[in-house]
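Asks: I'd like to ask you about the structure that follows.
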Amino acid sequence: MTPGFTRTLCAAVAAATVWATAATAAECPRKDALGTSRVLRVDAATSPRVGLKSFPQTLPLQDHEVVLTFDDGPWPGTTPQVLAALARECVLATFFLIGRSASAHPELVRRIAALGHTVGHHTWSHPNIKHMKPDAAVADIDKGFAAVEKALHGTATTTPGIATATPSTPFFRYPYFEMTPATLDLLQNRGISVFGADLWASDWEPMKPAQQLKLLTERLQAARKGIILLHDPKAQTAAMLPAFLRYLRDNGYRVVHIVPAAAAATARAVQNPK
């Protein structure tokens, strides 16, 4: 894929940008790196809600396959450290971004996407949706979508308050995993996949990086696979991540990168026109 073609593709099909970059970034020059083993296309029609901590089903992962996800960014003090650790191991992840932070640091949002990572959505202000009035909950979700889309593309491809609007990356995660039936139905009707998690590092609790590494690896040994939740604004997570990636490499784990099914299909159609 030439730089000229990539620029054309990004301009013509914004929804396909993340998938196209991911496919290129997955080619790792380092033979000893963990790498990204495969790309998994997630379709909201068949996987509207995934993650065993919140839902009965999860992604179709094989034994020793993991999906790395990061919440609450972007944050200038720590997100670059996380990105550097992932880049050293040629690993692609998904970042569920807070709209308010994305608006404050749009260059960091674009950097995440340019490195091939998937950009998901995590509301505007990280509220507890379950404790909000319905209209306020939808408004915060929509404002978050619009802010991240604007940071990514220079314009909001989804409009707050319009129930049919869909972001270019239709992945969403609830803050605190607190949700309501009404917002779940709304997101499903829009074709947006809701992500929970299968295991997490509990990095919202203060602990030393070594303690967090021990906790996470023990949980992974028990689960053997799954969607892993981390938080890139946490300094302890940024410090722990290189050791965790080495653990994955040394213990035969494989990283799966998730992308929207529609974006993948669009990218293939543009790359291989009839």
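Going by the structure tokens order, chains are called A, B, ..., each with residues numbered from 1, while ligands are numbered from 1 in the order shown.
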Could you give me, as a list of chain:residue names, the residues within 8 Å of range 223-226 of chain A, counting only C-alpha atoms and dropping anything in the same chain fewer than 2 positions from it?

Replies: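 Those residues are A:Thr58, A:Leu59, A:Leu61, A:Gln62, A:Asp63, A:His64, A:Glu65, A:Val66, A:Val67, A:Ala197, A:Asp198, A:Leu199, A:Arg219, A:Leu220, A:Gln221, A:Ile228.
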
Asks: Using only C-alpha atoms, which protein or nucleic acid residues come within 12 Å of Gln81 in chain A? Drop anything in the same chain fewer than 5 positions from it, and give the result as a short mmCIF file (atom, residue, chain, number, x, y, z; two decimals) with all heavy atoms, in the first residue's frame.

Replies:
data_model
loop_
_atom_site.label_atom_id
_atom_site.label_comp_id
_atom_site.auth_asym_id
_atom_site.auth_seq_id
_atom_site.Cartn_x
_atom_site.Cartn_y
_atom_site.Cartn_z
N PRO A 74 -7.49 10.18 25.81
CA PRO A 74 -6.04 10.20 25.87
C PRO A 74 -5.53 11.10 26.99
O PRO A 74 -6.20 12.06 27.38
CB PRO A 74 -5.67 10.78 24.50
CG PRO A 74 -6.81 11.71 24.18
CD PRO A 74 -8.03 11.05 24.74
N TRP A 75 -4.33 10.79 27.48
CA TRP A 75 -3.72 11.58 28.55
C TRP A 75 -2.25 11.80 28.21
O TRP A 75 -1.49 10.84 28.09
CB TRP A 75 -3.86 10.88 29.89
CG TRP A 75 -3.50 11.76 31.03
CD1 TRP A 75 -2.41 11.65 31.85
CD2 TRP A 75 -4.22 12.90 31.49
NE1 TRP A 75 -2.40 12.66 32.78
CE2 TRP A 75 -3.50 13.45 32.58
CE3 TRP A 75 -5.39 13.55 31.07
CZ2 TRP A 75 -3.93 14.59 33.27
CZ3 TRP A 75 -5.82 14.67 31.75
CH2 TRP A 75 -5.09 15.18 32.83
N PRO A 76 -1.83 13.07 28.05
CA PRO A 76 -0.46 13.35 27.59
C PRO A 76 0.64 12.76 28.46
O PRO A 76 1.70 12.38 27.96
CB PRO A 76 -0.40 14.88 27.58
CG PRO A 76 -1.82 15.32 27.47
CD PRO A 76 -2.63 14.30 28.21
N LEU A 86 3.61 -0.46 23.24
CA LEU A 86 2.93 -1.27 22.22
C LEU A 86 3.73 -1.30 20.92
O LEU A 86 3.85 -2.34 20.28
CB LEU A 86 1.53 -0.71 21.98
CG LEU A 86 0.55 -0.78 23.15
CD1 LEU A 86 -0.72 0.00 22.83
CD2 LEU A 86 0.21 -2.22 23.51
N ALA A 87 4.28 -0.16 20.54
CA ALA A 87 5.04 -0.09 19.29
C ALA A 87 6.29 -0.95 19.34
O ALA A 87 6.66 -1.59 18.35
CB ALA A 87 5.41 1.37 18.99
N ARG A 88 6.94 -0.98 20.51
CA ARG A 88 8.16 -1.80 20.63
C ARG A 88 7.87 -3.27 20.39
O ARG A 88 8.72 -4.01 19.90
CB ARG A 88 8.77 -1.61 22.02
CG ARG A 88 9.60 -0.33 22.17
CD ARG A 88 10.44 -0.35 23.41
NE ARG A 88 9.65 -0.43 24.63
CZ ARG A 88 9.19 0.61 25.29
NH1 ARG A 88 9.42 1.84 24.84
NH2 ARG A 88 8.48 0.47 26.39
N LEU A 108 -3.20 13.76 19.96
CA LEU A 108 -2.92 12.46 20.54
C LEU A 108 -3.92 11.42 20.04
O LEU A 108 -3.56 10.25 19.82
CB LEU A 108 -2.95 12.55 22.07
CG LEU A 108 -2.31 11.42 22.87
CD1 LEU A 108 -0.94 11.04 22.33
CD2 LEU A 108 -2.22 11.82 24.34
N ILE A 112 -2.85 8.02 17.97
CA ILE A 112 -3.31 6.66 18.28
C ILE A 112 -3.78 5.96 17.01
O ILE A 112 -3.40 4.83 16.72
CB ILE A 112 -4.43 6.70 19.34
CG1 ILE A 112 -3.88 7.16 20.69
CG2 ILE A 112 -5.10 5.34 19.47
CD1 ILE A 112 -4.96 7.47 21.72
N ASP A 232 -5.00 3.68 30.10
CA ASP A 232 -3.75 4.34 29.72
C ASP A 232 -3.43 5.61 30.50
O ASP A 232 -2.26 5.98 30.55
CB ASP A 232 -3.70 4.61 28.21
CG ASP A 232 -4.90 5.35 27.68
OD1 ASP A 232 -6.02 4.82 27.77
OD2 ASP A 232 -4.73 6.45 27.13
N PRO A 233 -4.40 6.31 31.16
CA PRO A 233 -3.99 7.44 31.99
C PRO A 233 -3.33 7.05 33.31
O PRO A 233 -2.83 7.93 34.02
CB PRO A 233 -5.31 8.18 32.26
CG PRO A 233 -6.23 7.75 31.17
CD PRO A 233 -5.86 6.31 30.94
N LYS A 234 -3.31 5.79 33.66
CA LYS A 234 -2.73 5.34 34.92
C LYS A 234 -1.22 5.15 34.78
O LYS A 234 -0.76 4.34 33.97
CB LYS A 234 -3.39 4.04 35.38
CG LYS A 234 -4.87 4.16 35.68
CD LYS A 234 -5.11 5.09 36.87
CE LYS A 234 -6.60 5.13 37.25
NZ LYS A 234 -6.85 6.05 38.37
N ALA A 235 -0.45 5.85 35.60
CA ALA A 235 1.01 5.75 35.55
C ALA A 235 1.48 4.34 35.87
O ALA A 235 2.44 3.85 35.27
CB ALA A 235 1.64 6.75 36.51
N GLN A 236 0.80 3.67 36.79
CA GLN A 236 1.23 2.31 37.16
C GLN A 236 1.03 1.35 35.99
O GLN A 236 1.81 0.41 35.80
CB GLN A 236 0.46 1.84 38.38
CG GLN A 236 -1.03 1.64 38.15
CD GLN A 236 -1.85 1.63 39.43
OE1 GLN A 236 -1.65 2.48 40.30
NE2 GLN A 236 -2.74 0.66 39.57
N THR A 237 -0.01 1.59 35.18
CA THR A 237 -0.25 0.74 34.01
C THR A 237 0.80 1.00 32.94
O THR A 237 1.32 0.05 32.33
CB THR A 237 -1.66 1.00 33.46
OG1 THR A 237 -2.61 0.62 34.45
CG2 THR A 237 -1.91 0.22 32.18
N ALA A 238 1.10 2.26 32.69
CA ALA A 238 2.13 2.59 31.70
C ALA A 238 3.47 1.97 32.09
O ALA A 238 4.21 1.49 31.23
CB ALA A 238 2.25 4.10 31.57
N ALA A 239 3.78 1.98 33.39
CA ALA A 239 5.04 1.40 33.86
C ALA A 239 5.03 -0.12 33.80
O ALA A 239 6.07 -0.74 33.54
CB ALA A 239 5.31 1.86 35.29
N MET A 240 3.89 -0.74 34.00
CA MET A 240 3.76 -2.19 34.03
C MET A 240 3.69 -2.81 32.64
O MET A 240 4.10 -3.96 32.44
CB MET A 240 2.49 -2.56 34.81
CG MET A 240 2.15 -4.03 34.93
SD MET A 240 1.21 -4.74 33.53
CE MET A 240 -0.27 -3.74 33.52
N LEU A 241 3.21 -2.05 31.66
CA LEU A 241 2.87 -2.62 30.35
C LEU A 241 4.03 -3.33 29.65
O LEU A 241 3.83 -4.42 29.11
CB LEU A 241 2.28 -1.54 29.45
CG LEU A 241 1.73 -2.03 28.11
CD1 LEU A 241 0.62 -3.06 28.30
CD2 LEU A 241 1.22 -0.84 27.28
N PRO A 242 5.25 -2.77 29.59
CA PRO A 242 6.33 -3.50 28.91
C PRO A 242 6.55 -4.90 29.48
O PRO A 242 6.74 -5.87 28.71
CB PRO A 242 7.55 -2.60 29.13
CG PRO A 242 6.98 -1.23 29.28
CD PRO A 242 5.70 -1.43 30.04
#

Asks: Can you work out which one of A:Gly191, A:Pro175, A:Gly77, A:Pro106 has the shortest atom-to-atom distance to Ala137 in chain A, counting only C-alpha atoms?

Replies: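 With only C-alpha atoms as the atom set, the closest residue is A:Pro175.
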
Asks: Rounded to one decimal place, report the CA of Phe95 in chain A-CA of Met179 in chain A distance in Å.

Replies: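 Between CA of Phe95 in chain A and CA of Met179 in chain A the gap is 19.3 Å.
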
Asks: Closest to Leu115 in chain A among A:Pro209, A:Pro260, A:Pro80, A:Gly99, using only C-alpha atoms?

Replies: A:Pro80

Asks: One decimal, in Å: what's the spacing between CA of Leu40 in chain A and CA of Val255 in chain A?

Replies: 10.4 Å
